[in-house]
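Participant: Structure file run_32.pdb (PDB, C-alpha atoms) right here:
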```
ATOM      1  CA  MET L   1      23.059 -79.268 -24.517
ATOM      2  CA  ARG L   2      26.728 -78.288 -24.509
ATOM      3  CA  THR L   3      27.661 -74.623 -24.231
ATOM      4  CA  VAL L   4      30.679 -72.419 -24.844
ATOM      5  CA  ALA L   5      31.448 -72.717 -21.120
ATOM      6  CA  HIS L   6      32.077 -76.453 -21.657
ATOM      7  CA  ILE L   7      34.728 -75.604 -24.255
ATOM      8  CA  PHE L   8      36.619 -73.330 -21.872
ATOM      9  CA  LYS L   9      36.324 -75.891 -19.092
ATOM     10  CA  ARG L  10      38.064 -78.410 -21.367
ATOM     11  CA  LYS L  11      40.665 -76.250 -23.107
ATOM     12  CA  GLY L  12      41.372 -73.711 -20.416
ATOM     13  CA  HIS L  13      41.438 -69.960 -20.600
ATOM     14  CA  HIS L  14      44.704 -69.048 -22.301
ATOM     15  CA  ASN L  15      44.436 -66.003 -24.543
ATOM     16  CA  ILE L  16      47.282 -65.255 -26.935
ATOM     17  CA  THR L  17      47.243 -61.513 -27.553
ATOM     18  CA  VAL L  18      49.175 -59.089 -29.728
ATOM     19  CA  ASN L  19      49.219 -55.324 -29.795
ATOM     20  CA  ALA L  20      47.364 -53.737 -32.717
ATOM     21  CA  ASP L  21      50.436 -51.908 -33.982
ATOM     22  CA  ILE L  22      52.831 -54.868 -34.342
ATOM     23  CA  PRO L  23      53.690 -56.013 -37.871
ATOM     24  CA  VAL L  24      51.656 -58.851 -39.330
ATOM     25  CA  LEU L  25      54.865 -60.880 -39.685
ATOM     26  CA  GLU L  26      55.363 -60.865 -35.906
ATOM     27  CA  ALA L  27      51.760 -61.998 -35.337
ATOM     28  CA  LEU L  28      52.333 -64.839 -37.812
ATOM     29  CA  ARG L  29      55.477 -65.891 -35.916
ATOM     30  CA  ILE L  30      53.477 -66.054 -32.699
ATOM     31  CA  MET L  31      50.733 -68.103 -34.388
ATOM     32  CA  SER L  32      53.358 -70.495 -35.735
ATOM     33  CA  GLU L  33      55.115 -70.865 -32.369
ATOM     34  CA  LYS L  34      51.842 -71.520 -30.561
ATOM     35  CA  ASN L  35      50.406 -73.670 -33.384
ATOM     36  CA  ILE L  36      47.260 -71.541 -33.569
ATOM     37  CA  GLY L  37      45.370 -69.938 -36.444
ATOM     38  CA  SER L  38      44.458 -66.633 -34.824
ATOM     39  CA  VAL L  39      45.569 -64.097 -32.252
ATOM     40  CA  ILE L  40      43.556 -61.670 -30.189
ATOM     41  CA  VAL L  41      44.376 -58.056 -30.984
ATOM     42  CA  VAL L  42      44.441 -55.626 -28.051
ATOM     43  CA  ASP L  43      45.108 -51.913 -27.658
ATOM     44  CA  ASP L  44      47.794 -50.336 -25.446
ATOM     45  CA  GLN L  45      45.597 -50.816 -22.372
ATOM     46  CA  GLY L  46      45.079 -54.518 -23.136
ATOM     47  CA  LYS L  47      41.469 -54.042 -24.231
ATOM     48  CA  TYR L  48      40.064 -56.327 -26.953
ATOM     49  CA  CYS L  49      40.087 -54.722 -30.422
ATOM     50  CA  GLY L  50      39.609 -57.662 -32.749
ATOM     51  CA  LEU L  51      41.008 -60.883 -34.089
ATOM     52  CA  ALA L  52      43.715 -61.538 -36.684
ATOM     53  CA  THR L  53      43.757 -64.862 -38.515
ATOM     54  CA  GLU L  54      45.896 -66.647 -41.063
ATOM     55  CA  ARG L  55      42.978 -66.261 -43.457
ATOM     56  CA  ASP L  56      43.098 -62.469 -43.007
ATOM     57  CA  TYR L  57      46.805 -62.534 -43.772
ATOM     58  CA  ALA L  58      46.285 -64.449 -47.005
ATOM     59  CA  ARG L  59      43.466 -62.214 -48.187
ATOM     60  CA  LYS L  60      44.547 -58.801 -46.925
ATOM     61  CA  VAL L  61      48.322 -58.928 -47.228
ATOM     62  CA  ILE L  62      49.546 -61.574 -49.666
ATOM     63  CA  LEU L  63      46.819 -61.179 -52.282
ATOM     64  CA  LEU L  64      47.110 -57.381 -52.139
ATOM     65  CA  GLY L  65      50.899 -57.404 -52.429
ATOM     66  CA  LYS L  66      51.473 -55.713 -49.072
ATOM     67  CA  SER L  67      54.551 -56.198 -46.915
ATOM     68  CA  SER L  68      54.133 -58.563 -43.937
ATOM     69  CA  GLY L  69      56.902 -56.753 -42.103
ATOM     70  CA  GLU L  70      55.435 -53.280 -42.568
ATOM     71  CA  THR L  71      51.658 -53.848 -42.397
ATOM     72  CA  PRO L  72      50.318 -53.506 -38.839
ATOM     73  CA  VAL L  73      47.932 -56.125 -37.513
ATOM     74  CA  SER L  74      45.306 -53.376 -37.097
ATOM     75  CA  GLU L  75      44.976 -53.203 -40.913
ATOM     76  CA  ILE L  76      43.983 -56.834 -41.289
ATOM     77  CA  MET L  77      42.167 -57.692 -38.057
ATOM     78  CA  LEU L  78      38.490 -58.540 -37.887
ATOM     79  CA  GLU L  79      36.805 -55.926 -35.732
ATOM     80  CA  HIS L  80      33.077 -56.560 -35.897
ATOM     81  CA  LEU L  81      32.643 -60.264 -35.296
ATOM     82  CA  PRO L  82      29.425 -61.424 -33.661
ATOM     83  CA  ARG L  83      29.916 -61.670 -29.916
ATOM     84  CA  ILE L  84      28.787 -64.653 -27.920
ATOM     85  CA  ALA L  85      28.575 -65.501 -24.225
ATOM     86  CA  PRO L  86      29.609 -68.616 -22.296
ATOM     87  CA  GLU L  87      25.919 -69.575 -22.156
ATOM     88  CA  HIS L  88      25.573 -69.887 -25.940
ATOM     89  CA  THR L  89      25.016 -73.446 -27.108
ATOM     90  CA  LEU L  90      27.307 -75.113 -29.596
ATOM     91  CA  GLU L  91      24.412 -75.266 -32.049
ATOM     92  CA  GLU L  92      23.900 -71.498 -31.785
ATOM     93  CA  CYS L  93      27.624 -70.958 -32.401
ATOM     94  CA  MET L  94      27.579 -73.216 -35.468
ATOM     95  CA  ASN L  95      24.621 -71.284 -36.852
ATOM     96  CA  ILE L  96      26.355 -67.935 -36.287
ATOM     97  CA  MET L  97      29.594 -69.144 -37.861
ATOM     98  CA  THR L  98      27.757 -70.549 -40.871
ATOM     99  CA  ALA L  99      25.649 -67.423 -41.368
ATOM    100  CA  HIS L 100      28.715 -65.150 -41.258
ATOM    101  CA  ASN L 101      31.178 -67.544 -42.969
ATOM    102  CA  ILE L 102      33.647 -67.255 -40.081
ATOM    103  CA  ARG L 103      35.770 -69.721 -38.123
ATOM    104  CA  TYR L 104      36.244 -67.860 -34.839
ATOM    105  CA  LEU L 105      33.960 -66.172 -32.320
ATOM    106  CA  PRO L 106      34.950 -63.810 -29.507
ATOM    107  CA  VAL L 107      33.366 -64.680 -26.176
ATOM    108  CA  PHE L 108      32.300 -61.979 -23.748
ATOM    109  CA  ASN L 109      31.124 -62.524 -20.196
ATOM    110  CA  LYS L 110      29.062 -59.548 -19.028
ATOM    111  CA  ASN L 111      30.666 -57.228 -21.623
ATOM    112  CA  GLU L 112      34.189 -58.293 -20.573
ATOM    113  CA  PHE L 113      36.325 -60.129 -23.100
ATOM    114  CA  TYR L 114      36.683 -63.760 -22.035
ATOM    115  CA  GLY L 115      38.313 -65.598 -24.939
ATOM    116  CA  VAL L 116      37.885 -66.984 -28.441
ATOM    117  CA  ILE L 117      36.450 -70.242 -29.692
ATOM    118  CA  SER L 118      37.081 -71.792 -33.078
ATOM    119  CA  VAL L 119      35.113 -74.145 -35.267
ATOM    120  CA  LEU L 120      37.663 -76.800 -34.263
ATOM    121  CA  ASP L 121      36.790 -76.236 -30.590
ATOM    122  CA  ILE L 122      33.137 -76.844 -31.425
ATOM    123  CA  VAL L 123      33.942 -80.014 -33.374
ATOM    124  CA  LYS L 124      36.078 -81.373 -30.510
ATOM    125  CA  GLU L 125      33.399 -80.615 -27.928
ATOM    126  CA  THR L 126      30.705 -82.226 -30.079
ATOM    127  CA  ILE L 127      32.801 -85.375 -30.491
ATOM    128  CA  LEU L 128      33.417 -85.524 -26.726
ATOM    129  CA  ALA L 129      29.692 -85.179 -26.028
ATOM    130  CA  GLN L 130      28.874 -87.963 -28.499
ATOM    131  CA  GLN L 131      31.543 -90.216 -26.988
ATOM    132  CA  GLU L 132      30.104 -89.643 -23.519
ATOM    133  CA  THR L 133      26.666 -90.650 -24.803
ATOM    134  CA  ILE L 134      28.105 -93.770 -26.432
ATOM    135  CA  ASP L 135      29.941 -94.691 -23.215
ATOM    136  CA  GLN L 136      26.757 -94.223 -21.168
ATOM    137  CA  LEU L 137      24.793 -96.417 -23.578
ATOM    138  CA  HIS L 138      27.487 -99.121 -23.444
ATOM    139  CA  SER L 139      27.446 -98.972 -19.662
ATOM    140  CA  TYR L 140      23.655 -99.250 -19.598
ATOM    141  CA  ILE L 141      23.611-102.174 -22.038
ATOM    142  CA  HIS L 142      26.236-104.080 -20.044
ATOM    143  CA  SER L 143      24.413-103.481 -16.764
ATOM    144  CA  VAL L 144      21.147-105.034 -17.996
TER     145      VAL L 144
END
```
Kindly transcribe the structure held in the file into structure tokens.

Facilitator:
Amino acid sequence: MRTVAHIFKRKGHHNITVNADIPVLEALRIMSEKNIGSVIVVDDQGKYCGLATERDYARKVILLGKSSGETPVSEIMLEHLPRIAPEHTLEECMNIMTAHNIRYLPVFNKNEFYGVISVLDIVKETILAQQETIDQLHSYIHSV
């Protein structure tokens, strides 16, 4: 069974972080430049505080008529997401995401922030695992 560790092995360990007090507009610029849907929010010491997503922006800034240039990321970030570990299976992650209606999960390795996975990461990893199975079956069939 594939785990979260497989995802990081494939995609690497590059965390895009923003400080909690920057304006939402700046976080959105970073997301756009990096072609990502979320950023990791950290405090002044670089410690994980939460996650800010495009979805949070739409719901907590635009729909409420707030200013993107004046609202700090700390006002819209998700702070209490379920935490997972690299050992969690993809199936466990899908169940957690479905139960909480979320698209991102923070990953912690021994209480230290490690990174974030998205539902897209899980889909990609699942497709890769299925393709490997198909390739193995093709190889077996052609060897008989």

Participant: Translate the PyMOL selection byres ((chain L and resi 90) around 10) into a concrete residue list for this structure, as a ChimeraX atom specification.

Facilitator: /L:1-7,87-89,91-96,119,121-123,125-126

Participant: Looking at all atoms listed in the file, which of L:Ser68, L:Gly37, L:Ser74, L:Glu54 is the one that sits closest to L:Asn19?

Facilitator: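 Of all the options, L:Ser74 lies closest to L:Asn19.
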
Participant: Could you tell me which of L:Gln131, L:Thr98, L:Ser38, L:Thr53 comes closest to L:Pro82 if we count all atoms listed in the file?

Facilitator: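 Of all the options, L:Thr98 lies closest to L:Pro82.
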
Participant: Name the residues that the PyMOL selection byres ((chain L and resi 100-104) around 7) picks from the file above, as a PyMOL selection string, using the file's chain letters and numbers.

Facilitator: chain L and resi 96-99+105-106+116-119

Participant: With the file shown as input, list the residues that the PyMOL selection byres ((chain L and resi 114) around 12) selects, as a list in words.

Facilitator: Val4, Ala5, Phe8, Gly12, His13, His14, Asn15, Ile16, Ile40, Lys47, Tyr48, Arg83, Ile84, Ala85, Pro86, Leu105, Pro106, Val107, Phe108, Asn109, Lys110, Asn111, Glu112, Phe113, Gly115, Val116 and Ile117 of chain L

Participant: As an exercise, work out the distance from atom CA of L:Asp44 to atom CA of L:Ala58 in Å and give it to one decimal place.

Facilitator: 25.8 Å

Participant: Can you put N, CA, C and O atoms back into stretch 20-40 of chain L and show it as a short mmCIF file (atom, residue, chain, number, x, y, z; two decimals), in the coordinates of the input?

Facilitator:
```cif
data_model
loop_
_atom_site.label_atom_id
_atom_site.label_comp_id
_atom_site.auth_asym_id
_atom_site.auth_seq_id
_atom_site.Cartn_x
_atom_site.Cartn_y
_atom_site.Cartn_z
N ALA L 20 47.89 -54.10 -31.40
CA ALA L 20 47.36 -53.74 -32.72
C ALA L 20 48.40 -53.14 -33.65
O ALA L 20 48.25 -53.21 -34.87
N ASP L 21 49.48 -52.57 -33.11
CA ASP L 21 50.44 -51.91 -33.98
C ASP L 21 51.64 -52.77 -34.37
O ASP L 21 52.51 -52.31 -35.11
N ILE L 22 51.70 -54.03 -33.93
CA ILE L 22 52.83 -54.87 -34.34
C ILE L 22 52.68 -55.28 -35.81
O ILE L 22 51.57 -55.35 -36.32
N PRO L 23 53.78 -55.56 -36.47
CA PRO L 23 53.69 -56.01 -37.87
C PRO L 23 53.02 -57.38 -37.97
O PRO L 23 53.15 -58.22 -37.07
N VAL L 24 52.33 -57.59 -39.07
CA VAL L 24 51.66 -58.85 -39.33
C VAL L 24 52.64 -60.02 -39.24
O VAL L 24 52.31 -61.08 -38.70
N LEU L 25 53.86 -59.83 -39.71
CA LEU L 25 54.86 -60.88 -39.68
C LEU L 25 55.12 -61.38 -38.26
O LEU L 25 55.24 -62.59 -38.02
N GLU L 26 55.16 -60.47 -37.30
CA GLU L 26 55.36 -60.86 -35.91
C GLU L 26 54.16 -61.66 -35.39
O GLU L 26 54.33 -62.64 -34.67
N ALA L 27 52.96 -61.25 -35.74
CA ALA L 27 51.76 -62.00 -35.34
C ALA L 27 51.79 -63.41 -35.92
O ALA L 27 51.42 -64.38 -35.25
N LEU L 28 52.23 -63.52 -37.17
CA LEU L 28 52.33 -64.84 -37.81
C LEU L 28 53.36 -65.72 -37.10
O LEU L 28 53.15 -66.93 -36.94
N ARG L 29 54.47 -65.12 -36.67
CA ARG L 29 55.48 -65.89 -35.92
C ARG L 29 54.88 -66.44 -34.62
O ARG L 29 55.13 -67.59 -34.26
N ILE L 30 54.12 -65.62 -33.95
CA ILE L 30 53.48 -66.05 -32.70
C ILE L 30 52.50 -67.19 -32.98
O ILE L 30 52.47 -68.20 -32.27
N MET L 31 51.68 -67.04 -34.03
CA MET L 31 50.73 -68.10 -34.39
C MET L 31 51.46 -69.40 -34.69
O MET L 31 51.04 -70.48 -34.26
N SER L 32 52.58 -69.31 -35.39
CA SER L 32 53.36 -70.50 -35.74
C SER L 32 53.94 -71.15 -34.48
O SER L 32 53.85 -72.37 -34.31
N GLU L 33 54.52 -70.34 -33.60
CA GLU L 33 55.12 -70.86 -32.37
C GLU L 33 54.08 -71.55 -31.48
O GLU L 33 54.36 -72.57 -30.86
N LYS L 34 52.90 -70.99 -31.43
CA LYS L 34 51.84 -71.52 -30.56
C LYS L 34 50.96 -72.55 -31.27
O LYS L 34 50.06 -73.11 -30.65
N ASN L 35 51.20 -72.75 -32.57
CA ASN L 35 50.41 -73.67 -33.38
C ASN L 35 48.92 -73.32 -33.33
O ASN L 35 48.06 -74.16 -33.06
N ILE L 36 48.63 -72.04 -33.57
CA ILE L 36 47.26 -71.54 -33.57
C ILE L 36 46.99 -70.78 -34.87
O ILE L 36 47.93 -70.38 -35.55
N GLY L 37 45.73 -70.60 -35.20
CA GLY L 37 45.37 -69.94 -36.44
C GLY L 37 44.91 -68.51 -36.29
O GLY L 37 44.55 -67.86 -37.28
N SER L 38 44.90 -68.01 -35.05
CA SER L 38 44.46 -66.63 -34.82
C SER L 38 45.09 -66.10 -33.55
O SER L 38 45.53 -66.85 -32.69
N VAL L 39 45.13 -64.77 -33.47
CA VAL L 39 45.57 -64.10 -32.25
C VAL L 39 44.56 -63.00 -31.92
O VAL L 39 43.92 -62.44 -32.82
N ILE L 40 44.45 -62.72 -30.66
CA ILE L 40 43.56 -61.67 -30.19
C ILE L 40 44.33 -60.36 -30.24
O ILE L 40 45.46 -60.27 -29.74
#
```
